[in-house]
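Q: My file is final10.cif. It has mmCIF, C-alpha atoms:
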data_my_file
#
loop_
_atom_site.label_atom_id
_atom_site.label_comp_id
_atom_site.auth_asym_id
_atom_site.auth_seq_id
_atom_site.Cartn_x
_atom_site.Cartn_y
_atom_site.Cartn_z
CA MET A 443 -12.08 5.46 23.52
CA GLN A 444 -15.23 3.70 24.71
CA ILE A 445 -18.19 5.67 26.03
CA ASP A 446 -21.19 3.37 26.27
CA PHE A 447 -24.28 4.62 28.04
CA GLY A 448 -26.56 3.05 25.41
CA ARG A 449 -29.87 1.35 26.15
CA ILE A 450 -29.43 -1.86 24.15
CA GLY A 451 -30.78 -4.10 26.89
CA ILE A 452 -30.05 -5.64 30.27
CA TRP A 453 -28.09 -8.86 30.69
CA ILE A 454 -27.73 -10.91 33.83
CA ALA A 455 -24.32 -12.14 34.98
CA MET A 456 -24.46 -15.74 36.13
CA GLY A 457 -21.54 -16.51 38.45
CA HIS A 458 -18.32 -15.92 36.51
CA GLY A 459 -19.93 -16.01 33.08
CA GLN A 460 -22.58 -14.08 31.21
CA SER A 461 -26.02 -15.48 30.55
CA SER A 462 -27.60 -15.18 27.12
CA GLN A 463 -31.05 -15.17 28.69
CA PHE A 464 -32.96 -12.86 30.97
CA ARG A 465 -33.03 -14.73 34.31
CA PRO A 466 -33.54 -12.33 37.22
CA ILE A 467 -34.33 -15.09 39.72
CA LEU A 468 -30.82 -16.57 39.44
CA ALA A 469 -28.95 -13.32 39.03
CA ASP A 470 -25.83 -12.59 41.06
CA SER A 471 -25.29 -9.12 39.63
CA VAL A 472 -26.62 -6.83 36.94
CA TRP A 473 -24.79 -6.51 33.62
CA ILE A 474 -25.73 -3.23 31.98
CA GLY A 475 -23.09 -2.81 29.32
CA ILE A 476 -20.96 -0.03 30.79
CA GLY A 477 -17.28 -0.82 30.94
CA GLY A 478 -17.63 -4.42 29.79
CA GLY A 479 -18.81 -6.28 32.88
CA PRO A 480 -21.06 -6.49 35.93
CA ILE A 481 -21.02 -3.24 37.88
CA PRO A 482 -21.94 -2.25 41.44
CA VAL A 483 -25.37 -0.64 41.37
CA PRO A 484 -26.59 1.61 44.22
CA ASN A 485 -29.24 -0.04 46.41
CA LEU A 486 -29.05 -3.27 44.41
CA ILE A 487 -31.29 -5.92 45.98
CA ARG A 488 -30.40 -9.49 45.02
CA ASN A 489 -32.98 -11.34 42.90
CA SER A 490 -35.22 -8.29 42.66
CA MET A 491 -36.93 -7.04 39.51
CA ASP A 492 -37.11 -3.62 41.17
CA ALA A 493 -33.32 -3.63 41.52
CA ILE A 494 -32.90 -4.43 37.84
CA ALA A 495 -35.27 -1.60 36.95
CA SER A 496 -33.25 0.69 39.24
CA ALA A 497 -30.05 -0.23 37.41
CA PHE A 498 -31.73 0.51 34.10
CA LEU A 499 -32.94 3.93 35.27
CA TRP A 500 -29.47 4.82 36.53
CA LYS A 501 -27.96 3.96 33.16
CA ASP A 502 -30.84 5.54 31.25
CA THR A 503 -30.18 8.91 32.90
CA ASN A 504 -26.59 8.97 31.61
CA SER A 505 -27.73 7.89 28.17
CA PHE A 506 -30.36 10.61 28.07
CA ILE A 507 -28.04 13.49 28.99
CA MET A 508 -25.76 12.54 26.07
CA HIS A 509 -28.77 12.26 23.79
CA ILE A 510 -30.55 15.49 24.75
CA LEU A 511 -27.39 17.61 24.47
CA GLU A 512 -26.32 16.35 21.06
CA LYS A 513 -26.18 18.77 18.16
CA GLY A 514 -28.93 17.08 16.17
CA THR A 515 -32.60 16.72 17.05
CA PRO A 516 -33.06 14.23 19.91
CA MET A 517 -35.63 11.49 19.43
CA MET A 518 -37.46 9.98 22.39
CA LEU A 519 -39.66 6.92 22.51
CA MET A 520 -42.91 6.60 24.42
CA GLY A 521 -42.20 6.06 28.08
CA ASP A 522 -38.58 7.25 28.02
CA GLU A 523 -39.62 10.08 30.31
CA TYR A 524 -40.29 7.64 33.15
CA GLY A 525 -37.81 4.92 32.18
CA HIS A 526 -40.04 2.46 30.36
CA THR A 527 -38.32 -0.84 29.61
CA ARG A 528 -39.21 -3.79 27.39
CA TYR A 529 -36.74 -5.97 29.31
CA GLY A 530 -34.46 -6.48 26.34
CA ASN A 531 -37.23 -7.42 23.89
CA ASN A 532 -36.35 -5.60 20.66
CA ASN A 533 -39.25 -7.14 18.72
CA SER A 534 -42.26 -6.41 20.91
CA TYR A 535 -44.67 -5.84 18.02
CA GLY A 536 -48.04 -7.44 18.68
CA HIS A 537 -47.58 -7.73 22.46
CA ASP A 538 -50.70 -6.38 24.15
CA THR A 539 -48.95 -6.36 27.52
CA GLN A 540 -47.25 -3.89 29.83
CA ILE A 541 -44.06 -3.92 27.76
CA ASN A 542 -45.96 -1.90 25.13
CA HIS A 543 -48.44 -0.07 27.36
CA PHE A 544 -47.84 3.41 28.75
CA LEU A 545 -47.54 2.74 32.48
CA TRP A 546 -49.14 5.73 34.14
CA HIS A 547 -48.47 4.40 37.63
CA GLN A 548 -44.72 4.30 36.93
CA LEU A 549 -44.87 7.87 35.68
CA GLU A 550 -46.46 8.93 38.96
CA GLU A 551 -43.97 6.90 41.02
CA ARG A 552 -41.02 8.58 39.27
CA ARG A 553 -42.49 12.05 38.74
CA THR A 554 -40.14 13.69 41.25
CA SER A 555 -37.05 11.70 40.22
CA HIS A 556 -36.56 10.24 36.74
CA PHE A 557 -39.36 12.23 35.09
CA ARG A 558 -38.19 15.44 36.76
CA PHE A 559 -34.65 14.95 35.43
CA PHE A 560 -35.91 14.36 31.87
CA SER A 561 -38.20 17.38 32.03
CA GLU A 562 -35.49 19.70 33.36
CA MET A 563 -32.97 18.54 30.76
CA ILE A 564 -35.41 19.29 27.94
CA LYS A 565 -36.03 22.77 29.35
CA TYR A 566 -32.27 23.30 29.66
CA ARG A 567 -31.67 22.42 26.01
CA LEU A 568 -34.40 24.79 24.82
CA LYS A 569 -33.04 27.61 26.98
CA HIS A 570 -29.41 27.50 25.83
CA HIS A 571 -28.74 28.46 22.24
CA ILE A 572 -25.32 26.79 22.01
CA LEU A 573 -27.06 23.41 22.23
CA GLY A 574 -28.57 22.24 18.97
CA ARG A 575 -26.83 24.73 16.70
CA ASP A 576 -28.05 24.76 13.10
CA ARG A 577 -24.51 24.52 11.73
CA PHE A 578 -21.46 22.33 12.10
CA LEU A 579 -19.22 23.05 15.06
CA GLY A 580 -16.19 25.18 14.25
CA LYS A 581 -12.82 25.18 15.98
CA ASN A 582 -13.93 28.07 18.21
CA ASP A 583 -17.13 26.32 19.27
CA ILE A 584 -15.65 23.39 21.20
CA THR A 585 -12.54 22.36 23.13
CA TRP A 586 -11.87 18.66 23.64
CA HIS A 587 -10.12 17.78 26.89
CA GLU A 588 -8.38 14.64 25.68
CA ASP A 589 -4.66 14.03 25.20
CA ASN A 590 -4.72 10.49 23.87
CA TRP A 591 -7.53 9.72 21.45
CA GLY A 592 -5.92 6.42 20.50
CA ASN A 593 -6.15 4.92 23.99
CA PRO A 594 -8.55 1.93 23.66
CA ASP A 595 -8.84 1.64 27.45
CA SER A 596 -10.15 5.16 27.95
CA LYS A 597 -13.79 5.36 29.00
CA PHE A 598 -13.78 9.03 29.93
CA LEU A 599 -14.69 11.97 27.71
CA ALA A 600 -14.83 15.70 28.49
CA PHE A 601 -15.28 18.82 26.40
CA THR A 602 -16.34 22.46 26.64
CA LEU A 603 -18.91 24.09 24.39
CA HIS A 604 -18.07 27.78 23.99
CA ASP A 605 -20.57 30.61 24.01
CA GLU A 606 -18.71 33.47 22.34
CA GLU A 607 -21.74 35.76 22.44
CA PHE A 608 -22.64 35.61 26.15
CA GLY A 609 -19.78 33.66 27.74
CA GLY A 610 -22.10 30.95 29.03
CA ASP A 611 -19.73 28.07 28.30
CA ILE A 612 -20.86 24.54 29.14
CA TYR A 613 -18.43 21.88 30.39
CA LEU A 614 -19.50 18.24 30.01
CA ALA A 615 -17.79 15.10 31.25
CA PHE A 616 -18.79 11.43 31.00
CA ASN A 617 -17.16 8.73 33.10
CA ALA A 618 -17.90 5.13 32.05
CA HIS A 619 -15.08 3.70 34.19
CA ASP A 620 -15.79 1.66 37.32
CA TYR A 621 -13.72 4.09 39.40
CA PHE A 622 -13.64 7.80 40.20
CA VAL A 623 -11.92 10.07 37.68
CA HIS A 624 -10.25 13.22 39.02
CA ALA A 625 -10.96 15.54 36.11
CA THR A 626 -9.14 18.84 35.77
CA VAL A 627 -11.74 21.52 35.11
CA PRO A 628 -10.68 24.25 32.65
CA SER A 629 -10.78 27.90 33.64
CA PRO A 630 -14.17 29.56 33.06
CA PRO A 631 -14.52 32.60 30.77
CA HIS A 632 -13.50 36.03 32.05
CA GLN A 633 -15.55 37.27 35.03
CA LYS A 634 -17.48 34.00 35.17
CA CYS A 635 -17.37 30.98 37.46
CA TRP A 636 -18.52 27.41 37.02
CA HIS A 637 -21.86 26.27 38.43
CA ARG A 638 -22.74 22.59 38.78
CA VAL A 639 -26.04 21.97 37.05
CA VAL A 640 -25.92 18.18 36.62
CA ASP A 641 -24.26 15.32 38.47
CA THR A 642 -26.04 12.04 37.73
CA ASN A 643 -24.36 10.37 40.71
CA LEU A 644 -26.46 12.47 43.09
CA LYS A 645 -30.02 11.73 44.12
CA SER A 646 -32.95 13.87 43.02
CA PRO A 647 -33.29 16.83 43.27
CA GLU A 648 -29.52 17.36 43.60
CA ASP A 649 -28.83 15.53 40.33
CA PHE A 650 -30.20 18.54 38.42
CA VAL A 651 -30.13 22.06 39.87
CA PRO A 652 -31.55 24.52 37.29
CA ASP A 653 -29.73 27.60 38.63
CA GLY A 654 -26.58 25.64 39.40
CA ILE A 655 -24.42 25.45 42.52
CA PRO A 656 -21.13 27.44 42.45
CA PHE A 657 -18.08 25.23 41.89
CA SER A 658 -14.72 26.93 42.42
CA LYS A 659 -12.36 23.95 42.57
CA THR A 660 -9.97 23.04 39.76
CA VAL A 661 -10.63 19.28 40.00
CA TYR A 662 -13.98 17.47 39.98
CA ASN A 663 -14.11 13.91 41.31
CA ILE A 664 -16.49 12.27 38.86
CA ALA A 665 -18.10 9.11 40.22
CA PRO A 666 -18.11 5.81 38.31
CA TYR A 667 -20.72 5.54 35.57
CA SER A 668 -21.86 9.13 35.89
CA SER A 669 -21.95 12.43 34.02
CA ILE A 670 -21.61 16.07 35.01
CA LEU A 671 -22.54 19.40 33.45
CA LEU A 672 -21.03 22.71 34.56
CA GLN A 673 -22.17 26.07 33.24
CA ALA A 674 -20.23 29.34 33.31
CA LYS A 675 -22.23 32.11 34.99
CA PRO A 676 -21.46 35.51 36.61
#
I need this file expressed as structure tokens, please.
A:
Amino acid sequence: MQIDFGRIGIWIAMGHGQSSQFRPILADSVWIGIGGGPIPVPNLIRNSMDAIASAFLWKDTNSFIMHILEKGTPMMLMGDEYGHTRYGNNNSYGHDTQINHFLWHQLEERRTSHFRFFSEMIKYRLKHHILGRDRFLGKNDITWHEDNWGNPDSKFLAFTLHDEEFGGDIYLAFNAHDYFVHATVPSPPHQKCWHRVVDTNLKSPEDFVPDGIPFSKTVYNIAPYSSILLQAKP
């Protein structure tokens, strides 16, 4: 089982190999650590720093949804809300440059996209009591939708968080494969139906719909390198 939406850094694939340096001018494709190789990135423009930043933001969104919905207290760094990057520099102490500055212009540029998604996800966590419980999960709190935990090639994970008090179950699925996964969606609680709240493969504002969009199918085609969140509602 490998689910990697982490933000360790961005590598550049050089031809058939992998560079150990950050060289955007010579890049053939972007290597962002999901699935173990270069991946197709939407709207990727060859030799463009903007394209590399776009790849980072796409990955960062998936990383954030896992982070903000975890049981513990999420921790964010300055600039995460607009997708700040230090371009792989993990020792930026003492740099009085833009890699350490809060870039207000980027916040404004991404206010209706990346920033909006972060803001809505934080509101969603605060609104739903089954996220961030103050106790360990019991057997009635979660159902894992996985038949083969020992499969080292699996890069897909799905589970349902149960709301026994109000029936507002939440279904989450993460696909780190480079292909679509046809995920079987479990039945919602009695007298409820699933509503799609999050699909990170969609563009803003469709990637996060606060009230959700009704989803009545039994299978969801989850795009490569993306995550979904369904909520049970009347």
Q: Any chance you could work out the residue set of the PyMOL selection byres ((chain A and resi 616) around 9) here, as number ranges by chain?
A: A: 445, 504, 508, 597-600, 614-615, 617-618, 664, 667-670
Q: Would you export the selected residues with C-alpha atoms as a compact mmCIF listing (two decimals), in the coordinates of the input, please?
A:
# COMPACT_ATOMS: atom_id res chain seq x y z
CA ILE A 445 -18.19 5.67 26.03
CA ASN A 504 -26.59 8.97 31.61
CA MET A 508 -25.76 12.54 26.07
CA LYS A 597 -13.79 5.36 29.00
CA PHE A 598 -13.78 9.03 29.93
CA LEU A 599 -14.69 11.97 27.71
CA ALA A 600 -14.83 15.70 28.49
CA LEU A 614 -19.50 18.24 30.01
CA ALA A 615 -17.79 15.10 31.25
CA ASN A 617 -17.16 8.73 33.10
CA ALA A 618 -17.90 5.13 32.05
CA ILE A 664 -16.49 12.27 38.86
CA TYR A 667 -20.72 5.54 35.57
CA SER A 668 -21.86 9.13 35.89
CA SER A 669 -21.95 12.43 34.02
CA ILE A 670 -21.61 16.07 35.01
Q: Which polymer residues have any atom within 10 Å of an atom of A:Glu606, counting all atoms listed in the file, with same-chain residues fewer than 2 positions away left out, as a ChimeraX atom specification?
A: /A:572,582-583,603-604,608-611,631
Q: Report, in Å with one decimal, the straight-line distance from atom CA of A:Met563 to atom CA of A:Asp649.
A: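 Value for the atom CA of A:Met563-atom CA of A:Asp649 distance: 10.9 Å.
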Q: Between atom CA of A:Asp595 and atom CA of A:Thr503, measure the distance and give it in Å to one decimal.
A: 23.2 Å
Q: Within 6 Å of stretch 539-552 of chain A, counting only C-alpha atoms, which residues qualify if same-chain residues fewer than 4 places away don't, as JSON, numbers by chain?
A: {"A": [524, 528, 556, 557]}
Q: Let me see the file: selected residues, C-alpha atoms, as an mmCIF file, keeping the file's coordinate frame.
A:
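In the end it all went to result11.cif:
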data_model
loop_
_atom_site.group_PDB
_atom_site.id
_atom_site.type_symbol
_atom_site.label_atom_id
_atom_site.label_comp_id
_atom_site.auth_asym_id
_atom_site.auth_seq_id
_atom_site.Cartn_x
_atom_site.Cartn_y
_atom_site.Cartn_z
ATOM 1 C CA TYR A 524 -40.290 7.640 33.150
ATOM 2 C CA ARG A 528 -39.210 -3.790 27.390
ATOM 3 C CA HIS A 556 -36.560 10.240 36.740
ATOM 4 C CA PHE A 557 -39.360 12.230 35.090
#
Q: Can you measure atom CA of A:Met518 to atom CA of A:Ser534 for me? One decimal in Å is fine.
A: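 Interatomic distance, atom CA of A:Met518 to atom CA of A:Ser534: 17.1 Å.
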Q: Could you state which residues are captured by the PyMOL selection byres ((chain A and resi 672) around 12) in this file, as number ranges by chain?
A: A: 600-603, 610-615, 627-630, 634-641, 650-659, 662, 669-671, 673-675
Q: Which is closer to A:Arg575 than all the others in A:Pro666, A:Pro594, A:Gly525, A:Gly514, using all atoms listed in the file?
A: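 Of all the options, A:Gly514 lies closest to A:Arg575.
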Q: Hey, which of A:Tyr535, A:Phe559, A:Trp591, A:Trp586 ends up closest to A:Ile510? Count only C-alpha atoms.
A: A:Phe559
Q: For this structure, which residues satisfy the selection - the PyMOL selection byres ((chain A and resi 621-624) around 7) - when it is evaluated on the file as given? I want them as a CSV table (one decimal) with C-alpha atoms, in the coordinates of the input.
A:
chain,number,residue,atom,x,y,z
A,619,HIS,CA,-15.1,3.7,34.2
A,620,ASP,CA,-15.8,1.7,37.3
A,625,ALA,CA,-11.0,15.5,36.1
A,626,THR,CA,-9.1,18.8,35.8
A,661,VAL,CA,-10.6,19.3,40.0
A,662,TYR,CA,-14.0,17.5,40.0
A,663,ASN,CA,-14.1,13.9,41.3
A,664,ILE,CA,-16.5,12.3,38.9
A,665,ALA,CA,-18.1,9.1,40.2
A,666,PRO,CA,-18.1,5.8,38.3
